Amino acid sequence: MSLCLFESVISRPYIYKAKVAALILSLRPQFATMGKATHSSSSSIDSSKHPTLSSASSSLYHQSKTNTDLSSDLRLGLTLSTSTSLLPDTLSNSDSREPSTDWPPVKPPQRNTVAEKGNNRQRPIFFVKVYMEGVPIGRKLDLFAHHSYDGLIATLAHMFSITILYPNMDRVHSDKDHVLTYEDKEGDWMMVGDVPWEMFLTTVKRLQITRADRC
Amino acid sequence: MSYSFPEEVLEHVFSFIHSYKDRNAISLVCKSWYEIERWCRRQIFIGNCYAVSPRITIRRFPELRSVSLKGKPHFADYNLVPQGWGANMYPWVAAMAQAYPWLEELRLKRMVVTDDTLELISRSFKNFKVLVLSSCEGFTTDGLAAIAANCRNLRELDLRETEVDDPSGNWLSHFPESCTSLVSLNFACLEGEVSFSALERLVGRCTNLRTLRLNQAVPLDKLANLLRRAPQLVDLGTGIYSAEVRPELYSKLTGAFAGCKELKSLSGLWEVVPAYLPAIYPVCAGLTSLNLSYATIQSADLIKLISHCRNLQRLWVLDYIEDSGLESLAASCKDLQELRVFPSDPYGAEENVTLTEQGLVSVSEGCPKLHSVLYFCRQMTNAALFAIARNRPNMTRFRLCILEPRTPDYLTLQPLDAGFGAIVEHCKGLRRLSLSGLLTDRVFEYIGTHAKRLQMLSVAFAGDSDLALHNVLSGCKSLRKLEIRDCPFGDKALLANASKLETMRSLWMSSCSVSFGACKKLGQKMERLNVEVIDERGPLDSKPNESFVERLYAYRSVAGPRLDKPSFVWTVDENSAMRLS
């Protein structure tokens, strides 16, 4: 894996995030007035609906979140990224479409094998298993969807509803916190965050979350 | 009234009736038939593990030998159901270990199976014969080792598209040397190495082996050895079909295949090296089923291979086959019944192969028995769909996935309503339909009007309003499963058709416009419907009634509300019912 691959992967989403951010900000005033209208129109069985109203109603649930966490929006808001009636054509059809694991509907064996080995792979995928202490079943995570430890920690914290400590963190530790470790190519368990992100990606095999007071 | 036949006679008659539907019908005739039938029922199929409980099942059917169980909803295959949702197999096995010590078969789909569960199975059922785990997860090869070691009469071990953690090759070695009963062994989905010597010895001594599906870790030269030990195979899944080109390996392989006179089904074929493909030609004429969905070879090689397979009934292939390959398929394989074309680059925005609507039209023209289609492509026209509908009124399963959501007819820029309308109008026996492309409420009008035999409908990024959902729910008389994602469907259609939901197995709606209040109402109103709100965004009880839910999963059940639900699943229970009033 060459470093230039990472550079191109890293630089793209920032542009995408800026576009989505601009979009959300520009739509917000509409939602305030559309809110009630949308609700009542979605409850009428009337086939002649205003197109933007109908798609606004399908993404209304994004507005019910008080927290404007963009990375969560991107992960959860698939409707936003593929809804052609809300977005300008460039965003919906461009190569910066956020790849997701739920569309198109292909099953995991198909997804991994061919996406990795196909000739014209547009975006690499790298799944690792994440095990939470006390839970026998691991969860899968695409490390290539993240571009730094910050993104990874945020995703894991959200996935498992916990707080994770890592090196150079500037806060007081508590008993409820967890630590994140990974198994490397040699089979050794290391603290996540010790090596540069790119190096981490070349050596990580799987991740584990344990309670801080156990370490 | 006791002038019916003696019980023994009725039981004997019933023993010839195997179909679930017929058995269910028998049990409805009268109370004594219900009683006799339930004591002699030996196999059962439960389409939704939460529709009934182990206790209820055991109470009604005390003498089962074979249980088939399905857990998570279908969209779980595409990551739409969060981890930890449920479908745990352990409680079922724990109950059956007491009630059915003579259980022989378990066929599970989308269930969570742990190592403990597998170990319990291996220790509890002395005559256990068949274990099929389709799209399951939650266990490691340790569990498999327990099954191999303890199930003395094991006939089938079939792991289909199942996720197995931490594979270590030793599990296969746990089959004792005395084991000769295997008829079917499928470990194609495992990632790790297996002990080749253990595998060869196992295959050699199981002379009744008919199905053998290897995983990618088994190289070509080992395949040749295995085939020579098992020339009686009917169903083969190769391992990795790639090696440096070596003449002696090539002739070894050709000889091995030539010895397999009974082979009907071929799969596996990871990373095919075209130079080794002709080794398969000796068996091609006998093949009825060919799965090339991992074979990353180009159209020309595919065409050559398929032209040898004149008796093919089922073909699964990547879109590398292109329109030209499908034309060739239409010309050579007149017995074709099922075609699945998968995307080689599902996440790419650009077209990488020339696979269009034309390929599917060719096959629909040339193959008179074609009735089951799954087709991933990037463009479609209404004209093509008209042609397919007219050519193949015998279509029973039609699943079309245009990769980019809301793509219109690329020639006219119109929605694809009319095209899909033609499908449901002409194909009167259509049982399963998946829609894609740009679709308005109109297509759902057509579906509600014409799709009277439709049992399963999958909808994504389609429709404009509740009228669409209303048309489907009120018009499709045979509907059993409805799964919807990212459509602007909401409360009104749902509540207006609440009683329809009890006639179906399940309804799934995610990223739609269904409010929490409506879910509460639905759950309260319909006693035998379990309404689940699956939402990972925080505590559910405090959500305002107007907020939209992430996911709704509603299914009929006689077992009452789930007792094993995780924190992100909300269901109606006594407390929330009281809070509403």
# chains A, B, ... in the order shown; residues from 1 in each chain; ligands from 1

$ interface_residues --of "chain B" --to "chain A" --cutoff "7 Å" --atoms "only C-alpha atoms" --output "number ranges by chain"
B: 77-80, 138, 161, 294, 344-349, 352, 403, 405, 441, 464-467, 486-488, 490-492, 511-513, 547-548

$ write_last_selection --atoms "N, CA and C atoms" --output "mmCIF file, in the first residue's frame"
data_model
loop_
_atom_site.group_PDB
_atom_site.id
_atom_site.type_symbol
_atom_site.label_atom_id
_atom_site.label_comp_id
_atom_site.auth_asym_id
_atom_site.auth_seq_id
_atom_site.Cartn_x
_atom_site.Cartn_y
_atom_site.Cartn_z
ATOM 1 N N ASP B 77 -29.180 -8.838 5.809
ATOM 2 C CA ASP B 77 -28.098 -9.223 4.886
ATOM 3 C C ASP B 77 -27.333 -8.001 4.398
ATOM 4 N N TYR B 78 -27.986 -6.837 4.401
ATOM 5 C CA TYR B 78 -27.355 -5.625 3.890
ATOM 6 C C TYR B 78 -27.077 -4.639 5.017
ATOM 7 N N ASN B 79 -26.816 -5.172 6.205
ATOM 8 C CA ASN B 79 -26.409 -4.331 7.336
ATOM 9 C C ASN B 79 -27.458 -3.347 7.819
ATOM 10 N N LEU B 80 -28.733 -3.596 7.552
ATOM 11 C CA LEU B 80 -29.757 -2.654 8.004
ATOM 12 C C LEU B 80 -30.299 -2.985 9.393
ATOM 13 N N GLY B 138 -21.903 -15.658 14.863
ATOM 14 C CA GLY B 138 -21.794 -15.684 16.310
ATOM 15 C C GLY B 138 -20.942 -16.812 16.857
ATOM 16 N N GLU B 161 -22.784 -19.066 3.427
ATOM 17 C CA GLU B 161 -22.642 -17.620 3.597
ATOM 18 C C GLU B 161 -22.717 -17.230 5.065
ATOM 19 N N TYR B 294 -17.855 -15.628 -8.158
ATOM 20 C CA TYR B 294 -16.558 -15.173 -7.665
ATOM 21 C C TYR B 294 -15.492 -15.240 -8.754
ATOM 22 N N SER B 344 -19.618 -6.490 -10.388
ATOM 23 C CA SER B 344 -18.215 -6.684 -10.057
ATOM 24 C C SER B 344 -17.669 -5.482 -9.295
ATOM 25 N N ASP B 345 -18.300 -4.341 -9.490
ATOM 26 C CA ASP B 345 -17.823 -3.120 -8.844
ATOM 27 C C ASP B 345 -19.011 -2.353 -8.277
ATOM 28 N N PRO B 346 -19.619 -2.894 -7.216
ATOM 29 C CA PRO B 346 -20.876 -2.326 -6.731
ATOM 30 C C PRO B 346 -20.768 -0.892 -6.228
ATOM 31 N N TYR B 347 -19.584 -0.486 -5.772
ATOM 32 C CA TYR B 347 -19.469 0.851 -5.170
ATOM 33 C C TYR B 347 -18.900 1.875 -6.133
ATOM 34 N N GLY B 348 -18.504 1.445 -7.319
ATOM 35 C CA GLY B 348 -17.944 2.384 -8.275
ATOM 36 C C GLY B 348 -19.039 3.200 -8.921
ATOM 37 N N ALA B 349 -18.735 4.452 -9.229
ATOM 38 C CA ALA B 349 -19.744 5.289 -9.858
ATOM 39 C C ALA B 349 -19.715 5.120 -11.369
ATOM 40 N N ASN B 352 -17.941 -0.177 -15.551
ATOM 41 C CA ASN B 352 -16.675 -0.821 -15.871
ATOM 42 C C ASN B 352 -16.844 -1.968 -16.871
ATOM 43 N N LEU B 403 -28.022 0.127 -10.005
ATOM 44 C CA LEU B 403 -27.102 0.486 -8.934
ATOM 45 C C LEU B 403 -27.309 1.872 -8.350
ATOM 46 N N PRO B 405 -29.610 4.742 -7.112
ATOM 47 C CA PRO B 405 -31.030 4.916 -6.789
ATOM 48 C C PRO B 405 -31.684 5.983 -7.664
ATOM 49 N N ASP B 441 -45.693 7.021 -7.457
ATOM 50 C CA ASP B 441 -46.814 6.282 -6.871
ATOM 51 C C ASP B 441 -47.488 5.370 -7.895
ATOM 52 N N ASP B 464 -43.943 8.463 -3.979
ATOM 53 C CA ASP B 464 -44.062 9.867 -3.565
ATOM 54 C C ASP B 464 -44.876 10.043 -2.304
ATOM 55 N N SER B 465 -45.799 9.126 -2.036
ATOM 56 C CA SER B 465 -46.723 9.364 -0.927
ATOM 57 C C SER B 465 -47.267 8.082 -0.359
ATOM 58 N N ASP B 466 -48.064 8.249 0.679
ATOM 59 C CA ASP B 466 -48.704 7.122 1.344
ATOM 60 C C ASP B 466 -49.637 6.330 0.449
ATOM 61 N N LEU B 467 -50.104 6.960 -0.600
ATOM 62 C CA LEU B 467 -51.024 6.254 -1.497
ATOM 63 C C LEU B 467 -50.357 4.991 -2.041
ATOM 64 N N ASP B 486 -36.066 3.871 2.754
ATOM 65 C CA ASP B 486 -35.885 5.181 2.119
ATOM 66 C C ASP B 486 -37.004 5.550 1.168
ATOM 67 N N CYS B 487 -38.231 5.426 1.624
ATOM 68 C CA CYS B 487 -39.388 5.863 0.844
ATOM 69 C C CYS B 487 -40.241 6.786 1.701
ATOM 70 N N PRO B 488 -40.920 7.757 1.083
ATOM 71 C CA PRO B 488 -41.691 8.724 1.862
ATOM 72 C C PRO B 488 -43.061 8.186 2.277
ATOM 73 N N GLY B 490 -45.732 6.865 5.211
ATOM 74 C CA GLY B 490 -45.909 7.231 6.615
ATOM 75 C C GLY B 490 -47.072 6.574 7.312
ATOM 76 N N ASP B 491 -47.590 7.371 8.261
ATOM 77 C CA ASP B 491 -48.540 6.811 9.223
ATOM 78 C C ASP B 491 -49.871 6.404 8.631
ATOM 79 N N LYS B 492 -50.392 7.245 7.755
ATOM 80 C CA LYS B 492 -51.794 7.058 7.382
ATOM 81 C C LYS B 492 -52.033 5.694 6.718
ATOM 82 N N SER B 511 -35.866 4.189 7.376
ATOM 83 C CA SER B 511 -35.650 5.508 6.768
ATOM 84 C C SER B 511 -36.867 5.961 5.990
ATOM 85 N N CYS B 512 -38.051 5.733 6.537
ATOM 86 C CA CYS B 512 -39.287 6.230 5.940
ATOM 87 C C CYS B 512 -39.849 7.335 6.830
ATOM 88 N N SER B 513 -41.125 7.638 6.655
ATOM 89 C CA SER B 513 -41.694 8.733 7.444
ATOM 90 C C SER B 513 -42.730 8.238 8.432
ATOM 91 N N SER B 547 -41.814 12.375 16.189
ATOM 92 C CA SER B 547 -40.514 12.100 15.578
ATOM 93 C C SER B 547 -40.574 10.818 14.769
ATOM 94 N N PHE B 548 -39.810 10.800 13.677
ATOM 95 C CA PHE B 548 -39.815 9.632 12.810
ATOM 96 C C PHE B 548 -38.872 8.574 13.365
#

$ residues_around --residues "Phe160 of chain A" --least-positions-apart "4" --cutoff "9 Å" --atoms "only C-alpha atoms" --output "VMD selection string"
chain A and resid 132 155 to 156

$ residues_around --residues "segment 177-190 of chain A" --least-positions-apart "5" --cutoff "6 Å" --atoms "only C-alpha atoms" --output "PyMOL selection string"
chain A and resi 163-165+203-212

$ residues_around --residues "Ser474 of chain B" --least-positions-apart "6" --cutoff "8 Å" --atoms "only C-alpha atoms" --output "JSON, numbers by chain"
{"B": [448, 497, 500]}

$ write_last_selection --atoms "C-alpha atoms" --output "mmCIF file, in the first residue's frame"
data_model
loop_
_atom_site.group_PDB
_atom_site.id
_atom_site.type_symbol
_atom_site.label_atom_id
_atom_site.label_comp_id
_atom_site.auth_asym_id
_atom_site.auth_seq_id
_atom_site.Cartn_x
_atom_site.Cartn_y
_atom_site.Cartn_z
ATOM 1 C CA GLY B 448 -51.882 -3.319 -6.187
ATOM 2 C CA ASN B 497 -54.195 -1.163 6.744
ATOM 3 C CA LYS B 500 -53.606 -6.538 6.764
#

$ select_by_dssp --residues "segment 187-408 of chain B" --states "alpha helix (DSSP H)" --output "compact mmCIF listing (two decimals) with N, CA and C atoms, in the first residue's frame"
# COMPACT_ATOMS: atom_id res chain seq x y z
N PHE B 196 -5.16 -30.37 5.28
CA PHE B 196 -5.45 -31.08 4.03
C PHE B 196 -5.47 -32.58 4.22
N SER B 197 -4.56 -33.08 5.06
CA SER B 197 -4.52 -34.53 5.24
C SER B 197 -5.79 -35.01 5.91
N ALA B 198 -6.28 -34.24 6.90
CA ALA B 198 -7.53 -34.63 7.57
C ALA B 198 -8.67 -34.60 6.57
N LEU B 199 -8.68 -33.59 5.72
CA LEU B 199 -9.76 -33.45 4.73
C LEU B 199 -9.72 -34.61 3.74
N GLU B 200 -8.52 -34.93 3.27
CA GLU B 200 -8.41 -36.03 2.29
C GLU B 200 -8.85 -37.35 2.89
N ARG B 201 -8.45 -37.58 4.13
CA ARG B 201 -8.84 -38.86 4.76
C ARG B 201 -10.36 -38.89 4.97
N LEU B 202 -10.92 -37.77 5.41
CA LEU B 202 -12.36 -37.70 5.65
C LEU B 202 -13.13 -37.96 4.35
N VAL B 203 -12.71 -37.28 3.29
CA VAL B 203 -13.39 -37.44 2.00
C VAL B 203 -13.24 -38.88 1.50
N GLY B 204 -12.07 -39.43 1.73
CA GLY B 204 -11.82 -40.80 1.27
C GLY B 204 -12.70 -41.83 1.94
N ARG B 205 -12.95 -41.65 3.26
CA ARG B 205 -13.71 -42.69 3.94
C ARG B 205 -15.22 -42.46 3.90
N LEU B 220 -5.42 -25.68 -5.96
CA LEU B 220 -5.81 -26.52 -7.10
C LEU B 220 -5.29 -27.95 -7.04
N ASP B 221 -4.04 -28.12 -6.60
CA ASP B 221 -3.52 -29.48 -6.65
C ASP B 221 -4.22 -30.36 -5.60
N LYS B 222 -4.59 -29.75 -4.48
CA LYS B 222 -5.35 -30.52 -3.47
C LYS B 222 -6.72 -30.88 -4.00
N LEU B 223 -7.29 -29.98 -4.81
CA LEU B 223 -8.60 -30.25 -5.40
C LEU B 223 -8.55 -31.51 -6.24
N ALA B 224 -7.49 -31.63 -7.04
CA ALA B 224 -7.37 -32.82 -7.89
C ALA B 224 -7.34 -34.09 -7.03
N ASN B 225 -6.57 -34.05 -5.95
CA ASN B 225 -6.51 -35.22 -5.05
C ASN B 225 -7.89 -35.57 -4.51
N LEU B 226 -8.62 -34.54 -4.07
CA LEU B 226 -9.93 -34.78 -3.47
C LEU B 226 -10.89 -35.36 -4.49
N LEU B 227 -10.86 -34.83 -5.71
CA LEU B 227 -11.78 -35.32 -6.74
C LEU B 227 -11.52 -36.78 -7.06
N ARG B 228 -10.23 -37.16 -7.02
CA ARG B 228 -9.95 -38.57 -7.31
C ARG B 228 -10.46 -39.49 -6.20
N ARG B 229 -10.50 -38.95 -4.96
CA ARG B 229 -11.05 -39.76 -3.88
C ARG B 229 -12.57 -39.77 -3.86
N PRO B 247 1.97 -27.75 -16.68
CA PRO B 247 1.31 -28.79 -17.49
C PRO B 247 0.92 -30.02 -16.68
N GLU B 248 1.74 -30.41 -15.70
CA GLU B 248 1.40 -31.66 -15.01
C GLU B 248 0.21 -31.44 -14.09
N LEU B 249 0.08 -30.22 -13.54
CA LEU B 249 -1.09 -29.93 -12.71
C LEU B 249 -2.33 -29.89 -13.58
N TYR B 250 -2.18 -29.29 -14.76
CA TYR B 250 -3.31 -29.19 -15.68
C TYR B 250 -3.83 -30.57 -16.06
N SER B 251 -2.94 -31.48 -16.39
CA SER B 251 -3.44 -32.80 -16.81
C SER B 251 -3.97 -33.57 -15.62
N LYS B 252 -3.37 -33.38 -14.45
CA LYS B 252 -3.88 -34.02 -13.23
C LYS B 252 -5.32 -33.57 -12.98
N LEU B 253 -5.54 -32.26 -13.14
CA LEU B 253 -6.86 -31.69 -12.88
C LEU B 253 -7.87 -32.19 -13.91
N THR B 254 -7.47 -32.18 -15.17
CA THR B 254 -8.39 -32.64 -16.22
C THR B 254 -8.80 -34.09 -15.98
N GLY B 255 -7.80 -34.91 -15.63
CA GLY B 255 -8.10 -36.32 -15.35
C GLY B 255 -9.06 -36.46 -14.19
N ALA B 256 -8.85 -35.66 -13.15
CA ALA B 256 -9.70 -35.74 -11.97
C ALA B 256 -11.13 -35.35 -12.31
N PHE B 257 -11.30 -34.28 -13.06
CA PHE B 257 -12.65 -33.87 -13.45
C PHE B 257 -13.30 -34.91 -14.36
N ALA B 258 -12.50 -35.47 -15.24
CA ALA B 258 -13.07 -36.46 -16.17
C ALA B 258 -13.64 -37.65 -15.43
N TYR B 281 -14.06 -28.71 -18.72
CA TYR B 281 -14.92 -29.05 -19.85
C TYR B 281 -15.51 -30.47 -19.81
N PRO B 282 -14.77 -31.48 -19.35
CA PRO B 282 -15.36 -32.83 -19.31
C PRO B 282 -16.67 -32.90 -18.55
N VAL B 283 -16.86 -32.06 -17.53
CA VAL B 283 -18.10 -32.17 -16.73
C VAL B 283 -19.18 -31.20 -17.19
N CYS B 284 -18.85 -30.28 -18.07
CA CYS B 284 -19.79 -29.20 -18.41
C CYS B 284 -21.12 -29.70 -18.95
N SER B 299 -15.46 -11.71 -20.39
CA SER B 299 -16.57 -12.22 -21.17
C SER B 299 -16.17 -13.36 -22.11
N ALA B 300 -15.06 -13.20 -22.81
CA ALA B 300 -14.68 -14.23 -23.79
C ALA B 300 -14.49 -15.59 -23.15
N ASP B 301 -13.81 -15.62 -22.01
CA ASP B 301 -13.60 -16.90 -21.32
C ASP B 301 -14.90 -17.45 -20.78
N LEU B 302 -15.76 -16.56 -20.31
CA LEU B 302 -17.06 -17.00 -19.79
C LEU B 302 -17.87 -17.63 -20.91
N ILE B 303 -17.86 -16.96 -22.06
CA ILE B 303 -18.64 -17.48 -23.20
C ILE B 303 -18.16 -18.88 -23.57
N LYS B 304 -16.83 -19.06 -23.63
CA LYS B 304 -16.29 -20.38 -23.99
C LYS B 304 -16.77 -21.44 -23.01
N LEU B 305 -16.69 -21.14 -21.74
CA LEU B 305 -17.07 -22.11 -20.72
C LEU B 305 -18.55 -22.46 -20.83
N ILE B 306 -19.37 -21.41 -20.92
CA ILE B 306 -20.82 -21.62 -20.91
C ILE B 306 -21.28 -22.36 -22.16
N SER B 307 -20.58 -22.14 -23.26
CA SER B 307 -21.01 -22.81 -24.50
C SER B 307 -20.90 -24.33 -24.38
N GLU B 322 -21.14 -9.54 -19.52
CA GLU B 322 -21.56 -8.49 -20.45
C GLU B 322 -22.71 -8.92 -21.35
N ASP B 323 -23.21 -7.97 -22.12
CA ASP B 323 -24.35 -8.27 -23.00
C ASP B 323 -23.99 -9.37 -24.00
N SER B 324 -22.77 -9.33 -24.50
CA SER B 324 -22.39 -10.34 -25.50
C SER B 324 -22.43 -11.75 -24.91
N GLY B 325 -21.98 -11.87 -23.68
CA GLY B 325 -22.00 -13.18 -23.03
C GLY B 325 -23.42 -13.66 -22.79
N LEU B 326 -24.31 -12.74 -22.46
CA LEU B 326 -25.69 -13.12 -22.21
C LEU B 326 -26.39 -13.52 -23.51
N GLU B 327 -26.00 -12.88 -24.60
CA GLU B 327 -26.54 -13.30 -25.89
C GLU B 327 -26.14 -14.73 -26.19
N SER B 328 -24.88 -15.01 -25.93
CA SER B 328 -24.37 -16.35 -26.16
C SER B 328 -25.07 -17.36 -25.25
N LEU B 329 -25.31 -16.97 -24.02
CA LEU B 329 -26.03 -17.82 -23.07
C LEU B 329 -27.42 -18.13 -23.61
N ALA B 330 -28.08 -17.09 -24.12
CA ALA B 330 -29.43 -17.27 -24.65
C ALA B 330 -29.45 -18.25 -25.80
N ALA B 331 -28.33 -18.27 -26.56
CA ALA B 331 -28.28 -19.18 -27.71
C ALA B 331 -27.94 -20.61 -27.30
N SER B 332 -27.11 -20.79 -26.26
CA SER B 332 -26.68 -22.17 -25.94
C SER B 332 -27.51 -22.88 -24.90
N GLU B 357 -29.39 -3.27 -20.18
CA GLU B 357 -30.70 -3.91 -20.20
C GLU B 357 -30.79 -4.92 -21.35
N GLN B 358 -29.98 -4.73 -22.35
CA GLN B 358 -30.05 -5.58 -23.54
C GLN B 358 -29.72 -7.04 -23.21
N GLY B 359 -28.76 -7.23 -22.32
CA GLY B 359 -28.39 -8.59 -21.94
C GLY B 359 -29.57 -9.35 -21.38
N LEU B 360 -30.30 -8.70 -20.51
CA LEU B 360 -31.44 -9.37 -19.89
C LEU B 360 -32.55 -9.63 -20.91
N VAL B 361 -32.73 -8.68 -21.82
CA VAL B 361 -33.75 -8.87 -22.86
C VAL B 361 -33.39 -10.09 -23.72
N SER B 362 -32.10 -10.21 -24.10
CA SER B 362 -31.68 -11.37 -24.91
C SER B 362 -32.01 -12.68 -24.22
N VAL B 363 -31.67 -12.76 -22.94
CA VAL B 363 -31.91 -14.02 -22.24
C VAL B 363 -33.42 -14.28 -22.14
N SER B 364 -34.19 -13.22 -21.93
CA SER B 364 -35.65 -13.43 -21.81
C SER B 364 -36.23 -13.90 -23.13
N GLU B 365 -35.59 -13.50 -24.23
CA GLU B 365 -36.05 -13.94 -25.54
C GLU B 365 -35.66 -15.37 -25.83
N GLY B 366 -34.40 -15.71 -25.49
CA GLY B 366 -33.87 -16.99 -25.93
C GLY B 366 -34.14 -18.16 -25.01
N ASN B 382 -38.04 1.41 -20.05
CA ASN B 382 -39.37 0.83 -19.99
C ASN B 382 -39.56 -0.17 -21.13
N ALA B 383 -39.01 0.18 -22.30
CA ALA B 383 -39.14 -0.72 -23.47
C ALA B 383 -38.56 -2.09 -23.18
N ALA B 384 -37.40 -2.11 -22.51
CA ALA B 384 -36.78 -3.40 -22.18
C ALA B 384 -37.68 -4.19 -21.24
N LEU B 385 -38.24 -3.51 -20.24
CA LEU B 385 -39.11 -4.21 -19.29
C LEU B 385 -40.37 -4.73 -19.98
N PHE B 386 -40.92 -3.94 -20.93
CA PHE B 386 -42.07 -4.44 -21.70
C PHE B 386 -41.70 -5.74 -22.40
N ALA B 387 -40.53 -5.72 -23.05
CA ALA B 387 -40.09 -6.89 -23.82
C ALA B 387 -39.94 -8.10 -22.91
N ILE B 388 -39.30 -7.90 -21.76
CA ILE B 388 -39.10 -9.02 -20.83
C ILE B 388 -40.44 -9.55 -20.37
N ALA B 389 -41.37 -8.65 -20.06
CA ALA B 389 -42.69 -9.08 -19.57
C ALA B 389 -43.43 -9.87 -20.64
N ARG B 390 -43.35 -9.39 -21.88
CA ARG B 390 -44.06 -10.10 -22.96
C ARG B 390 -43.41 -11.44 -23.27
N ASN B 391 -42.05 -11.46 -23.21
CA ASN B 391 -41.35 -12.70 -23.53
C ASN B 391 -41.57 -13.77 -22.46

$ atom_distance --atom1 "atom CA of Pro231 of chain B" --atom2 "atom CA of Val164 of chain B"
29.0 Å

$ atom_distance --atom1 "atom CA of Lys521 of chain B" --atom2 "atom CA of Thr503 of chain B"
18.3 Å

$ residues_around --residues "Thr440 of chain B" --least-positions-apart "5" --cutoff "7 Å" --atoms "only C-alpha atoms" --output "list in words"
Pro415, Asp417, Ala462, Gly463 and Asp464 of chain B

$ write_last_selection --atoms "N, CA and C atoms" --output "short mmCIF file (atom, residue, chain, number, x, y, z; two decimals), in the first residue's frame"
data_model
loop_
_atom_site.label_atom_id
_atom_site.label_comp_id
_atom_site.auth_asym_id
_atom_site.auth_seq_id
_atom_site.Cartn_x
_atom_site.Cartn_y
_atom_site.Cartn_z
N PRO B 415 -39.96 7.88 -15.48
CA PRO B 415 -39.86 6.85 -14.43
C PRO B 415 -40.11 5.47 -15.05
N ASP B 417 -42.18 3.30 -14.07
CA ASP B 417 -43.47 2.78 -13.61
C ASP B 417 -44.11 1.85 -14.64
N ALA B 462 -38.25 4.82 -3.57
CA ALA B 462 -39.31 4.88 -4.57
C ALA B 462 -40.57 5.53 -4.00
N GLY B 463 -41.46 5.93 -4.89
CA GLY B 463 -42.76 6.43 -4.48
C GLY B 463 -42.74 7.89 -4.05
N ASP B 464 -43.94 8.46 -3.98
CA ASP B 464 -44.06 9.87 -3.57
C ASP B 464 -44.88 10.04 -2.30
#

$ residues_around --residues "Asp158 of chain B" --least-positions-apart "5" --cutoff "12 Å" --atoms "only C-alpha atoms" --output "JSON, numbers by chain"
{"B": [105, 106, 107, 108, 109, 129, 130, 131, 132, 133, 134, 135, 136, 144, 147, 182, 183, 184, 185, 186, 187, 188, 189, 190, 211, 212, 213, 214]}

$ select_by_dssp --residues "segment 122-222 of chain B" --states "strand (DSSP E)" --output "PyMOL selection string"
chain B and resi 130-134+139-140+156-160+164-165+184-186+211-213

$ atom_distance --atom1 "atom CA of Gln216 of chain B" --atom2 "atom CA of Ala295 of chain B"
12.1 Å

$ residues_around --residues "Glu532 of chain B" --least-positions-apart "2" --cutoff "8 Å" --atoms "only C-alpha atoms" --output "PyMOL selection string"
chain B and resi 519+530+534+552-554+569-572
